[in-house]
Amino acid sequence: MPKKEKVGEVVSNKMDKTAVVKIVERRPHVKYGKIQTMSVKFKAHDEKNECQIGDRVRIVECRPMSADKRWAVLEVIERPQLV
């Protein structure tokens, strides 16, 4: 079974070797069909502490690293543009 991958935005990097990634999904309501925006936060292992707040990253499922960390940062896709 292949490992799951998700793309999201880093919302916190205050912990050592951990980044909190927010995944936003848009899907229709089961009964009424209205498009709803759902968001979920995952804690992901960031071995090199390279993630910054606002980065778009790809995370992949991995073995449990701690009590609530089950994902690892695979790559940084895009960094925010500073004006």
# chains A, B, ... in the order shown; residues from 1 in each chain; ligands from 1
>>> residues_around(residues="Arg27 (chain A)", least_positions_apart="3", cutoff="8 Å", atoms="only C-alpha atoms", output="PyMOL selection string")
chain A and resi 35-38
>>> select_by_dssp(residues="region 3-65 of chain A", states="strand (DSSP E)", output="number ranges by chain")
A: 5-12, 18-28, 35-45, 56-61
>>> residues_around(residues="region 72-74 of chain A", least_positions_apart="2", cutoff="7 Å", atoms="only C-alpha atoms", output="ChimeraX atom specification")
/A:44-46,57-62
>>> closest_residue(among="A:Ile53, A:Val30, A:Ile77, A:Leu82", to="Thr18 (chain A)", atoms="only C-alpha atoms")
A:Ile53
>>> atom_distance(atom1="CA of Glu9 (chain A)", atom2="CA of Ile23 (chain A)")
6.8 Å
